[in-house]
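Asks: Contents of target_12.cif (mmCIF, C-alpha atoms) are given next:
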data_coords
#
loop_
_atom_site.group_PDB
_atom_site.id
_atom_site.type_symbol
_atom_site.label_atom_id
_atom_site.label_comp_id
_atom_site.auth_asym_id
_atom_site.auth_seq_id
_atom_site.Cartn_x
_atom_site.Cartn_y
_atom_site.Cartn_z
ATOM 1 C CA MET A 1 63.946 -136.659 -78.261
ATOM 2 C CA PRO A 2 63.496 -137.012 -82.013
ATOM 3 C CA ALA A 3 61.630 -140.095 -83.216
ATOM 4 C CA ALA A 4 63.827 -142.920 -84.445
ATOM 5 C CA THR A 5 64.171 -143.200 -88.204
ATOM 6 C CA ASP A 6 62.922 -146.241 -90.065
ATOM 7 C CA GLU A 7 66.541 -147.251 -90.654
ATOM 8 C CA GLU A 8 67.267 -147.206 -86.918
ATOM 9 C CA LEU A 9 64.146 -149.212 -86.162
ATOM 10 C CA VAL A 10 65.037 -151.750 -88.870
ATOM 11 C CA ARG A 11 68.559 -152.111 -87.464
ATOM 12 C CA LYS A 12 67.210 -152.677 -83.941
ATOM 13 C CA SER A 13 64.563 -155.096 -85.237
ATOM 14 C CA LYS A 14 67.312 -157.147 -86.823
ATOM 15 C CA GLU A 15 68.855 -157.395 -83.352
ATOM 16 C CA ASP A 16 65.585 -158.884 -82.027
ATOM 17 C CA ASP A 17 64.386 -155.631 -80.502
ATOM 18 C CA GLU A 18 60.645 -156.394 -80.389
ATOM 19 C CA ARG A 19 59.742 -152.838 -79.418
ATOM 20 C CA ALA A 20 61.485 -151.475 -82.491
ATOM 21 C CA PHE A 21 59.506 -153.790 -84.758
ATOM 22 C CA GLY A 22 56.360 -152.822 -82.857
ATOM 23 C CA GLU A 23 57.141 -149.184 -83.611
ATOM 24 C CA LEU A 24 57.425 -149.993 -87.330
ATOM 25 C CA VAL A 25 54.047 -151.715 -87.117
ATOM 26 C CA SER A 26 52.456 -148.681 -85.446
ATOM 27 C CA ARG A 27 54.040 -146.388 -87.999
ATOM 28 C CA TYR A 28 52.858 -148.274 -91.071
ATOM 29 C CA GLU A 29 49.772 -150.318 -90.168
ATOM 30 C CA SER A 30 47.218 -147.651 -91.160
ATOM 31 C CA LYS A 31 48.957 -146.944 -94.462
ATOM 32 C CA ILE A 32 49.249 -150.631 -95.240
ATOM 33 C CA TYR A 33 45.607 -151.285 -94.368
ATOM 34 C CA SER A 34 44.465 -148.371 -96.498
ATOM 35 C CA LEU A 35 46.576 -149.468 -99.454
ATOM 36 C CA ALA A 36 45.425 -153.078 -99.077
ATOM 37 C CA LEU A 37 41.776 -152.030 -98.921
ATOM 38 C CA ARG A 38 42.133 -150.002 -102.097
ATOM 39 C CA MET A 39 43.655 -152.957 -103.841
ATOM 40 C CA VAL A 40 41.428 -155.794 -102.619
ATOM 41 C CA ARG A 41 38.335 -153.616 -101.971
ATOM 42 C CA ASN A 42 37.040 -155.696 -99.112
ATOM 43 C CA PRO A 43 37.705 -155.033 -95.382
ATOM 44 C CA GLU A 44 38.169 -158.705 -94.454
ATOM 45 C CA ASP A 45 40.650 -159.327 -97.252
ATOM 46 C CA ALA A 46 42.417 -156.056 -96.469
ATOM 47 C CA GLU A 47 42.905 -157.174 -92.864
ATOM 48 C CA ASP A 48 44.270 -160.518 -94.081
ATOM 49 C CA VAL A 49 46.685 -158.668 -96.346
ATOM 50 C CA LEU A 50 47.721 -156.438 -93.439
ATOM 51 C CA GLN A 51 48.469 -159.430 -91.223
ATOM 52 C CA ASP A 52 50.216 -161.322 -93.998
ATOM 53 C CA THR A 53 52.345 -158.269 -94.792
ATOM 54 C CA PHE A 54 53.614 -157.815 -91.254
ATOM 55 C CA LEU A 55 54.117 -161.538 -90.761
ATOM 56 C CA ARG A 56 56.306 -161.629 -93.878
ATOM 57 C CA ALA A 57 58.088 -158.482 -92.760
ATOM 58 C CA TYR A 58 58.726 -159.972 -89.320
ATOM 59 C CA ARG A 59 60.074 -163.180 -90.828
ATOM 60 C CA GLY A 60 62.130 -161.363 -93.443
ATOM 61 C CA ILE A 61 63.465 -158.325 -91.573
ATOM 62 C CA LYS A 62 66.851 -159.954 -90.943
ATOM 63 C CA SER A 63 67.384 -160.569 -94.629
ATOM 64 C CA PHE A 64 66.239 -157.058 -95.585
ATOM 65 C CA GLN A 65 69.387 -155.571 -97.069
ATOM 66 C CA GLY A 66 68.278 -151.950 -97.144
ATOM 67 C CA ALA A 67 68.789 -151.615 -100.904
ATOM 68 C CA SER A 68 65.414 -149.853 -100.939
ATOM 69 C CA THR A 69 63.778 -147.932 -98.114
ATOM 70 C CA PHE A 70 61.736 -149.807 -95.540
ATOM 71 C CA SER A 71 58.563 -148.183 -96.852
ATOM 72 C CA THR A 72 59.258 -149.381 -100.411
ATOM 73 C CA TRP A 73 60.008 -152.846 -99.079
ATOM 74 C CA ILE A 74 56.836 -153.086 -96.990
ATOM 75 C CA TYR A 75 54.679 -151.684 -99.800
ATOM 76 C CA ARG A 76 56.164 -154.301 -102.115
ATOM 77 C CA ILE A 77 55.178 -157.045 -99.685
ATOM 78 C CA THR A 78 51.673 -155.534 -99.448
ATOM 79 C CA ALA A 79 51.286 -155.296 -103.218
ATOM 80 C CA ASN A 80 52.391 -158.907 -103.668
ATOM 81 C CA SER A 81 50.126 -160.163 -100.931
ATOM 82 C CA ALA A 82 47.161 -158.259 -102.364
ATOM 83 C CA LEU A 83 47.942 -159.514 -105.854
ATOM 84 C CA MET A 84 48.027 -163.138 -104.708
ATOM 85 C CA ARG A 85 44.693 -162.701 -102.964
ATOM 86 C CA LEU A 86 43.133 -161.086 -106.016
ATOM 87 C CA ARG A 87 44.444 -163.793 -108.318
ATOM 88 C CA LYS A 88 43.060 -166.480 -106.044
ATOM 89 C CA LYS A 89 39.645 -164.854 -106.088
ATOM 90 C CA GLN A 90 39.528 -163.935 -109.733
ATOM 91 C CA LEU A 91 38.313 -167.001 -111.591
ATOM 92 C CA PRO A 92 38.955 -167.435 -114.398
ATOM 93 C CA THR A 93 42.089 -165.323 -114.260
ATOM 94 C CA VAL A 94 42.231 -162.501 -116.760
ATOM 95 C CA SER A 95 45.750 -162.260 -118.054
ATOM 96 C CA ILE A 96 46.841 -158.743 -118.802
ATOM 97 C CA GLU A 97 47.859 -159.809 -122.293
ATOM 98 C CA ASN A 98 44.190 -160.510 -122.984
ATOM 99 C CA ALA A 99 42.995 -157.525 -121.096
ATOM 100 C CA ASP A 100 43.482 -154.894 -123.743
ATOM 101 C CA GLU A 101 40.224 -155.375 -125.523
ATOM 102 C CA ARG A 102 38.943 -152.195 -127.044
ATOM 103 C CA GLU A 103 40.318 -149.392 -124.915
ATOM 104 C CA THR A 104 39.020 -146.538 -126.964
ATOM 105 C CA PRO A 105 35.278 -146.089 -127.032
ATOM 106 C CA VAL A 106 33.572 -145.892 -130.385
ATOM 107 C CA SER A 107 31.816 -142.727 -129.418
ATOM 108 C CA ILE A 108 33.233 -140.131 -127.111
ATOM 109 C CA VAL A 109 30.808 -138.626 -124.663
ATOM 110 C CA ASP A 110 31.919 -135.414 -123.071
ATOM 111 C CA TRP A 111 30.377 -135.670 -119.621
ATOM 112 C CA THR A 112 32.902 -133.470 -117.875
ATOM 113 C CA PRO A 113 31.157 -130.104 -117.481
ATOM 114 C CA GLY A 114 30.258 -129.547 -113.849
ATOM 115 C CA PRO A 115 32.233 -129.761 -110.623
ATOM 116 C CA VAL A 116 33.481 -133.070 -109.238
ATOM 117 C CA GLU A 117 31.129 -132.850 -106.242
ATOM 118 C CA GLN A 118 28.141 -132.534 -108.559
ATOM 119 C CA LEU A 119 29.071 -135.547 -110.641
ATOM 120 C CA LEU A 120 30.072 -137.806 -107.788
ATOM 121 C CA ASN A 121 26.798 -139.277 -106.581
ATOM 122 C CA LYS A 122 26.287 -142.711 -105.013
ATOM 123 C CA GLU A 123 25.418 -144.308 -108.332
ATOM 124 C CA LEU A 124 28.580 -143.006 -109.945
ATOM 125 C CA GLN A 125 30.678 -144.104 -106.966
ATOM 126 C CA HIS A 126 29.237 -147.588 -107.393
ATOM 127 C CA GLU A 127 29.997 -147.485 -111.120
ATOM 128 C CA MET A 128 33.538 -146.400 -110.404
ATOM 129 C CA ASP A 129 34.030 -149.118 -107.788
ATOM 130 C CA GLU A 130 32.849 -151.696 -110.297
ATOM 131 C CA ALA A 131 35.185 -150.303 -112.917
ATOM 132 C CA ILE A 132 38.141 -150.647 -110.541
ATOM 133 C CA GLU A 133 37.088 -154.150 -109.569
ATOM 134 C CA ALA A 134 36.893 -155.128 -113.215
ATOM 135 C CA LEU A 135 40.521 -154.123 -113.771
ATOM 136 C CA PRO A 136 42.985 -157.001 -114.023
ATOM 137 C CA PRO A 137 44.854 -157.147 -110.666
ATOM 138 C CA GLU A 138 48.150 -156.038 -112.223
ATOM 139 C CA PHE A 139 46.477 -152.929 -113.642
ATOM 140 C CA ARG A 140 44.681 -152.222 -110.399
ATOM 141 C CA GLN A 141 47.945 -152.270 -108.432
ATOM 142 C CA VAL A 142 49.463 -149.620 -110.675
ATOM 143 C CA PHE A 143 46.298 -147.525 -110.761
ATOM 144 C CA VAL A 144 45.987 -147.469 -106.961
ATOM 145 C CA LEU A 145 49.652 -146.733 -106.303
ATOM 146 C CA ARG A 146 49.862 -143.981 -108.933
ATOM 147 C CA ASP A 147 46.486 -142.307 -108.934
ATOM 148 C CA VAL A 148 45.354 -142.813 -105.362
ATOM 149 C CA GLU A 149 48.526 -143.097 -103.318
ATOM 150 C CA GLU A 150 50.081 -140.555 -105.701
ATOM 151 C CA MET A 151 53.441 -142.270 -105.900
ATOM 152 C CA SER A 152 55.798 -141.506 -108.773
ATOM 153 C CA ASN A 153 56.279 -143.862 -111.716
ATOM 154 C CA ALA A 154 59.763 -144.641 -110.409
ATOM 155 C CA GLU A 155 58.466 -145.500 -106.924
ATOM 156 C CA VAL A 156 55.725 -147.736 -108.335
ATOM 157 C CA ALA A 157 58.261 -149.420 -110.607
ATOM 158 C CA GLU A 158 60.475 -150.150 -107.624
ATOM 159 C CA ILE A 159 57.629 -151.456 -105.483
ATOM 160 C CA LEU A 160 56.238 -153.702 -108.218
ATOM 161 C CA ASP A 161 59.619 -154.633 -109.667
ATOM 162 C CA LEU A 162 58.632 -153.358 -113.103
ATOM 163 C CA SER A 163 60.255 -151.017 -115.586
ATOM 164 C CA VAL A 164 58.990 -147.425 -115.589
ATOM 165 C CA ALA A 165 57.786 -148.007 -119.160
ATOM 166 C CA ALA A 166 55.679 -150.973 -117.993
ATOM 167 C CA VAL A 167 54.197 -148.881 -115.167
ATOM 168 C CA LYS A 168 53.276 -146.114 -117.603
ATOM 169 C CA SER A 169 51.741 -148.546 -120.047
ATOM 170 C CA ARG A 170 49.632 -150.302 -117.393
ATOM 171 C CA LEU A 171 48.580 -146.978 -115.884
ATOM 172 C CA HIS A 172 47.448 -145.637 -119.228
ATOM 173 C CA ARG A 173 45.444 -148.758 -120.019
ATOM 174 C CA ALA A 174 43.897 -148.840 -116.546
ATOM 175 C CA ARG A 175 42.854 -145.192 -116.740
ATOM 176 C CA ILE A 176 41.310 -145.696 -120.159
ATOM 177 C CA LYS A 177 39.370 -148.733 -118.975
ATOM 178 C CA VAL A 178 37.960 -146.873 -115.968
ATOM 179 C CA ARG A 179 37.165 -143.835 -118.101
ATOM 180 C CA ASN A 180 35.395 -145.956 -120.705
ATOM 181 C CA ARG A 181 33.231 -147.479 -118.020
ATOM 182 C CA LEU A 182 32.258 -144.011 -116.802
ATOM 183 C CA ALA A 183 31.666 -142.922 -120.394
ATOM 184 C CA GLY A 184 29.168 -145.781 -120.623
ATOM 185 C CA TYR A 185 27.474 -144.572 -117.453
ATOM 186 C CA PHE A 186 27.169 -141.027 -118.727
ATOM 187 C CA GLY A 187 26.339 -142.160 -122.247
ATOM 188 C CA ASP A 188 22.597 -142.122 -121.749
ATOM 189 C CA ASN A 189 22.588 -138.538 -120.571
ATOM 190 C CA ALA A 190 24.948 -136.901 -122.962
ATOM 191 C CA LYS A 191 25.101 -136.467 -126.646
ATOM 192 C CA PRO A 192 27.664 -138.819 -128.167
ATOM 193 C CA LYS A 193 30.129 -137.544 -130.693
ATOM 194 C CA ARG A 194 31.466 -139.865 -133.334
ATOM 195 C CA ARG A 195 35.205 -140.267 -133.440
ATOM 196 C CA ALA A 196 36.996 -140.637 -136.730
ATOM 197 C CA MET A 197 40.343 -142.138 -135.655
ATOM 198 C CA GLY A 198 43.413 -140.666 -137.235
ATOM 199 C CA ALA A 199 41.539 -137.810 -138.833
ATOM 200 C CA HIS A 200 44.226 -135.378 -137.691
ATOM 201 C CA MET B 1 51.876 -133.176 -136.929
ATOM 202 C CA LEU B 2 50.473 -135.690 -134.470
ATOM 203 C CA THR B 3 47.659 -138.054 -135.431
ATOM 204 C CA CYS B 4 44.736 -138.669 -133.085
ATOM 205 C CA LYS B 5 46.098 -142.136 -132.330
ATOM 206 C CA GLU B 6 49.475 -140.719 -131.328
ATOM 207 C CA VAL B 7 47.730 -138.200 -129.100
ATOM 208 C CA LEU B 8 45.622 -140.891 -127.439
ATOM 209 C CA ASP B 9 48.634 -143.124 -126.878
ATOM 210 C CA SER B 10 50.451 -140.306 -125.077
ATOM 211 C CA LEU B 11 47.457 -138.903 -123.223
ATOM 212 C CA SER B 12 48.408 -140.322 -119.826
ATOM 213 C CA ASP B 13 51.973 -139.054 -120.095
ATOM 214 C CA TYR B 14 50.640 -135.677 -121.197
ATOM 215 C CA LEU B 15 48.334 -135.585 -118.221
ATOM 216 C CA ASP B 16 51.255 -136.374 -115.930
ATOM 217 C CA ALA B 17 53.434 -133.784 -117.725
ATOM 218 C CA ASP B 18 55.804 -136.640 -118.436
ATOM 219 C CA LEU B 19 56.717 -135.703 -122.014
ATOM 220 C CA LYS B 20 59.363 -133.600 -123.667
ATOM 221 C CA GLU B 21 58.441 -129.954 -123.977
ATOM 222 C CA ASP B 22 58.088 -129.891 -127.763
ATOM 223 C CA LEU B 23 55.763 -132.909 -127.630
ATOM 224 C CA ILE B 24 53.720 -131.275 -124.871
ATOM 225 C CA ASN B 25 53.289 -128.226 -127.113
ATOM 226 C CA GLU B 26 52.236 -130.384 -130.057
ATOM 227 C CA MET B 27 49.758 -132.257 -127.874
ATOM 228 C CA LYS B 28 48.376 -128.967 -126.600
ATOM 229 C CA ARG B 29 47.900 -127.690 -130.128
ATOM 230 C CA HIS B 30 46.202 -130.883 -131.294
ATOM 231 C CA ILE B 31 43.879 -131.094 -128.290
ATOM 232 C CA GLY B 32 43.019 -127.432 -128.729
ATOM 233 C CA SER B 33 41.894 -127.970 -132.290
ATOM 234 C CA CYS B 34 40.434 -131.519 -132.225
ATOM 235 C CA GLN B 35 37.084 -131.842 -130.508
ATOM 236 C CA ASP B 36 37.299 -135.631 -130.138
ATOM 237 C CA CYS B 37 40.742 -135.573 -128.556
ATOM 238 C CA ARG B 38 39.625 -132.713 -126.344
ATOM 239 C CA ALA B 39 36.760 -134.931 -125.098
ATOM 240 C CA GLU B 40 39.222 -137.804 -124.575
ATOM 241 C CA PHE B 41 41.493 -135.525 -122.581
ATOM 242 C CA ASP B 42 38.684 -133.967 -120.524
ATOM 243 C CA THR B 43 37.035 -137.284 -119.658
ATOM 244 C CA LEU B 44 40.325 -138.923 -118.697
ATOM 245 C CA THR B 45 41.248 -135.943 -116.533
ATOM 246 C CA MET B 46 37.845 -135.998 -114.857
ATOM 247 C CA THR B 47 38.005 -139.765 -114.271
ATOM 248 C CA ILE B 48 41.206 -139.339 -112.293
ATOM 249 C CA LYS B 49 39.812 -136.324 -110.416
ATOM 250 C CA LEU B 50 36.666 -138.255 -109.486
ATOM 251 C CA TYR B 51 38.607 -141.252 -108.289
ATOM 252 C CA LYS B 52 41.005 -139.145 -106.257
ATOM 253 C CA HIS B 53 38.124 -137.161 -104.782
ATOM 254 C CA GLU B 54 36.365 -140.354 -103.701
ATOM 255 C CA HIS B 55 39.556 -141.657 -102.108
ATOM 256 C CA ASP B 56 41.064 -138.478 -100.718
ATOM 257 C CA THR B 57 41.097 -139.722 -97.140
ATOM 258 C CA PRO B 58 42.911 -142.876 -96.066
ATOM 259 C CA ALA B 59 40.713 -145.781 -95.029
ATOM 260 C CA VAL B 60 40.376 -146.206 -91.281
ATOM 261 C CA MET B 61 41.298 -149.551 -89.745
ATOM 262 C CA PRO B 62 38.285 -151.345 -88.274
ATOM 263 C CA VAL B 63 37.918 -151.613 -84.498
ATOM 264 C CA GLY B 64 40.029 -154.464 -83.159
ATOM 265 C CA CYS B 65 42.160 -154.695 -86.298
ATOM 266 C CA HIS B 66 45.304 -153.449 -84.536
ATOM 267 C CA ASP B 67 44.805 -155.831 -81.605
ATOM 268 C CA ARG B 68 44.318 -158.795 -83.927
ATOM 269 C CA LEU B 69 47.484 -157.880 -85.797
ATOM 270 C CA VAL B 70 49.447 -157.650 -82.550
ATOM 271 C CA LYS B 71 48.106 -161.071 -81.503
ATOM 272 C CA VAL B 72 49.100 -162.648 -84.827
ATOM 273 C CA LEU B 73 52.607 -161.226 -84.472
ATOM 274 C CA GLU B 74 52.904 -162.399 -80.863
ATOM 275 C CA LEU B 75 51.968 -165.929 -81.917
ATOM 276 C CA GLU B 76 54.579 -165.743 -84.660
ATOM 277 C CA LYS B 77 57.212 -164.614 -82.142
ATOM 278 C CA LEU B 78 56.359 -167.574 -79.922
ATOM 279 C CA ARG B 79 56.569 -169.964 -82.869
ATOM 280 C CA SER B 80 59.869 -168.529 -84.055
ATOM 281 C CA LYS B 81 61.329 -168.976 -80.586
ATOM 282 C CA GLY B 82 60.167 -172.582 -80.479
ATOM 283 C CA GLY B 83 57.469 -171.899 -77.926
ATOM 284 C CA GLU B 84 53.992 -173.357 -78.033
ATOM 285 C CA PRO B 85 51.261 -170.942 -79.015
ATOM 286 C CA PRO B 86 48.574 -170.644 -76.356
ATOM 287 C CA LYS B 87 45.726 -173.085 -76.841
ATOM 288 C CA MET B 88 42.473 -171.655 -78.099
ATOM 289 C CA VAL B 89 39.583 -172.263 -75.725
#
What do you get writing this file as structure tokens?

Replies:
Amino acid sequence: MPAATDEELVRKSKEDDERAFGELVSRYESKIYSLALRMVRNPEDAEDVLQDTFLRAYRGIKSFQGASTFSTWIYRITANSALMRLRKKQLPTVSIENADERETPVSIVDWTPGPVEQLLNKELQHEMDEAIEALPPEFRQVFVLRDVEEMSNAEVAEILDLSVAAVKSRLHRARIKVRNRLAGYFGDNAKPKRRAMGAH
Amino acid sequence: MLTCKEVLDSLSDYLDADLKEDLINEMKRHIGSCQDCRAEFDTLTMTIKLYKHEHDTPAVMPVGCHDRLVKVLELEKLRSKGGEPPKMV
């Protein structure tokens, strides 16, 4: 017998079918935990986000209209829950309007030669983790959904209730911030090249 | 002809192939001839590759995480049905 679709499970859950909701939990819990962990970067907080997400889904399933897919809906709840947790923890809050301090490094260090495996040592992983943690929460959400979960701009826009243009703008700024941090890490070992902006 | 600033502003879209074809060609030409923009492009590309490589497998839920989630949802079901949650001992 083919597995029930999400739509069927949602419909049954709305009719108080506990097993159907349980099936949705089993289907999505790992994905939600993984997404939450990438956003909040702490196992305890990720578990809190997971529980909060399914509690909200359980309470809200009857009012879920199906305008988006269940997965989009549950990811939206996860992203909001993670964002609230990050905002609570991040003191003082960095507003994204103030977050666009110099996004282009003064000197460009080309540290790219060499395979990924060769570059990715523990120290660099730590540097990268810190760079992600330093991102304003709203940037981090977009970065994780686009570059890690590999969702499309349109999907991320729907999940975060943003325009596609806003997603693209935040993604670009987030990528540049992370890159600049890595450029700083590699800066000591590579020869910097001076950039003359607008030369071409 | 594109300036370096215009190239940098569109670098993410270029990387995602999310530009019109003529702009992609202009970007390609500029990056091919400008060492600084080439470094910008290479380092941004590698940043994304590194991050994806580090996170290419989904995180595994900790032991007991599923059971705790089920318990939380069971308590919520009891509450929503007006029942008393079991007392913690």

Asks: Write out as a list in words the residues lying within 8 Å of A:Arg140, counting only C-alpha atoms and excluding same-chain residues fewer than 6 positions away.

Replies: Met39, Ile132, Glu133 and Ala174 of chain A

Asks: Calculated over only C-alpha atoms, which of the candidates B:Tyr51, B:Asp9, B:Leu2, B:Asp56 has the smallest distance to B:His30?

Replies: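 Once distances to B:His30 are computed over only C-alpha atoms, the minimum belongs to B:Leu2.
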
Asks: Hey, what's within 9 Å of stretch 148-160 of chain A if we count all atoms listed in the file and toss same-chain stuff fewer than 2 positions away? As a ChimeraX atom specification, please?

Replies: /A:35,38,68,72-77,79-80,141-146,162-168 /B:48,51-52,55-56

Asks: Within 6 Å of chain A, which residues belong to chain B? Use all atoms listed in the file and report them as a ChimeraX atom specification.

Replies: /B:3-5,12,39,43-44,47,52,58-59,69

Asks: What is the distance, in Å and to one decimal place, between atom CA of B:Cys34 and atom CA of B:Leu15?

Replies: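 For atom CA of B:Cys34 relative to atom CA of B:Leu15, the distance reads 16.6 Å.
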
Asks: Using only C-alpha atoms, find all polymer residues with an atom at most 8 Å away from the point (43.5, -157.6, -109.9); report them as a VMD selection string.

Replies: chain A and resid 39 to 40 83 86 to 87 90 133 to 141

Asks: Nearest to A:Asp45 among A:Ala82, A:Glu15, A:Ala3, A:Phe186, with distances taken over all atoms listed in the file: which residue is it?

Replies: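 Nearest to A:Asp45: A:Ala82.
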
Asks: For B:Tyr14, please output as an MDAnalysis selection string all residues within 12 Å (counting all atoms listed in the file; exclusion window: fewer than 3 positions along the same chain).

Replies: (chainID A and resid 168 172) or (chainID B and resid 6:11 17:28 31 41 44:45)

Asks: Write out, as a CSV table (one decimal), in the coordinates of the input, the residues just selected, with C-alpha atoms.

Replies:
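As a result, out-v9.csv now contains:
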chain,number,residue,atom,x,y,z
A,168,LYS,CA,53.3,-146.1,-117.6
A,172,HIS,CA,47.4,-145.6,-119.2
B,6,GLU,CA,49.5,-140.7,-131.3
B,7,VAL,CA,47.7,-138.2,-129.1
B,8,LEU,CA,45.6,-140.9,-127.4
B,9,ASP,CA,48.6,-143.1,-126.9
B,10,SER,CA,50.5,-140.3,-125.1
B,11,LEU,CA,47.5,-138.9,-123.2
B,17,ALA,CA,53.4,-133.8,-117.7
B,18,ASP,CA,55.8,-136.6,-118.4
B,19,LEU,CA,56.7,-135.7,-122.0
B,20,LYS,CA,59.4,-133.6,-123.7
B,21,GLU,CA,58.4,-130.0,-124.0
B,22,ASP,CA,58.1,-129.9,-127.8
B,23,LEU,CA,55.8,-132.9,-127.6
B,24,ILE,CA,53.7,-131.3,-124.9
B,25,ASN,CA,53.3,-128.2,-127.1
B,26,GLU,CA,52.2,-130.4,-130.1
B,27,MET,CA,49.8,-132.3,-127.9
B,28,LYS,CA,48.4,-129.0,-126.6
B,31,ILE,CA,43.9,-131.1,-128.3
B,41,PHE,CA,41.5,-135.5,-122.6
B,44,LEU,CA,40.3,-138.9,-118.7
B,45,THR,CA,41.2,-135.9,-116.5

Asks: Which residues, named as in the file, does the PyMOL selection byres ((chain A and resi 7-13) around 10) pick out? Answer as a PDB file with C-alpha atoms, in the frame of the given file.

Replies:
ATOM      1  CA  ALA A   3      61.630-140.095 -83.216  1.00  0.00           C
ATOM      2  CA  ALA A   4      63.827-142.920 -84.445  1.00  0.00           C
ATOM      3  CA  THR A   5      64.171-143.200 -88.204  1.00  0.00           C
ATOM      4  CA  ASP A   6      62.922-146.241 -90.065  1.00  0.00           C
ATOM      5  CA  LYS A  14      67.312-157.147 -86.823  1.00  0.00           C
ATOM      6  CA  GLU A  15      68.855-157.395 -83.352  1.00  0.00           C
ATOM      7  CA  ASP A  16      65.585-158.884 -82.027  1.00  0.00           C
ATOM      8  CA  ASP A  17      64.386-155.631 -80.502  1.00  0.00           C
ATOM      9  CA  GLU A  18      60.645-156.394 -80.389  1.00  0.00           C
ATOM     10  CA  ARG A  19      59.742-152.838 -79.418  1.00  0.00           C
ATOM     11  CA  ALA A  20      61.485-151.475 -82.491  1.00  0.00           C
ATOM     12  CA  PHE A  21      59.506-153.790 -84.758  1.00  0.00           C
ATOM     13  CA  GLY A  22      56.360-152.822 -82.857  1.00  0.00           C
ATOM     14  CA  GLU A  23      57.141-149.184 -83.611  1.00  0.00           C
ATOM     15  CA  LEU A  24      57.425-149.993 -87.330  1.00  0.00           C
ATOM     16  CA  TYR A  58      58.726-159.972 -89.320  1.00  0.00           C
ATOM     17  CA  ILE A  61      63.465-158.325 -91.573  1.00  0.00           C
ATOM     18  CA  LYS A  62      66.851-159.954 -90.943  1.00  0.00           C
ATOM     19  CA  PHE A  64      66.239-157.058 -95.585  1.00  0.00           C
ATOM     20  CA  GLY A  66      68.278-151.950 -97.144  1.00  0.00           C
ATOM     21  CA  THR A  69      63.778-147.932 -98.114  1.00  0.00           C
ATOM     22  CA  PHE A  70      61.736-149.807 -95.540  1.00  0.00           C
TER      23      PHE A  70
END

Asks: Suppose you want the space between atom CA of B:Val63 and atom CA of A:Arg27; what is it in Å?

Replies: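 According to the coordinates, atom CA of B:Val63 and atom CA of A:Arg27 are separated by 17.3 Å.
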
Asks: Could you state the separation of atom CA of A:Met84 and atom CA of B:Leu50 in Å, given to one decimal place?

Replies: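 Between these atoms lies a distance of 27.8 Å.
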
Asks: Where's the centre, and what are the edge lengths in Å to one decimal, of a box along x, y and z enclosing all listed atoms of stretch 11-22 of chain A padded 4 Å per side, as AutoDock Vina command-line options?

Replies:
--center_x 62.6 --center_y -155.2 --center_z -83.4 --size_x 20.5 --size_y 15.4 --size_z 16.0
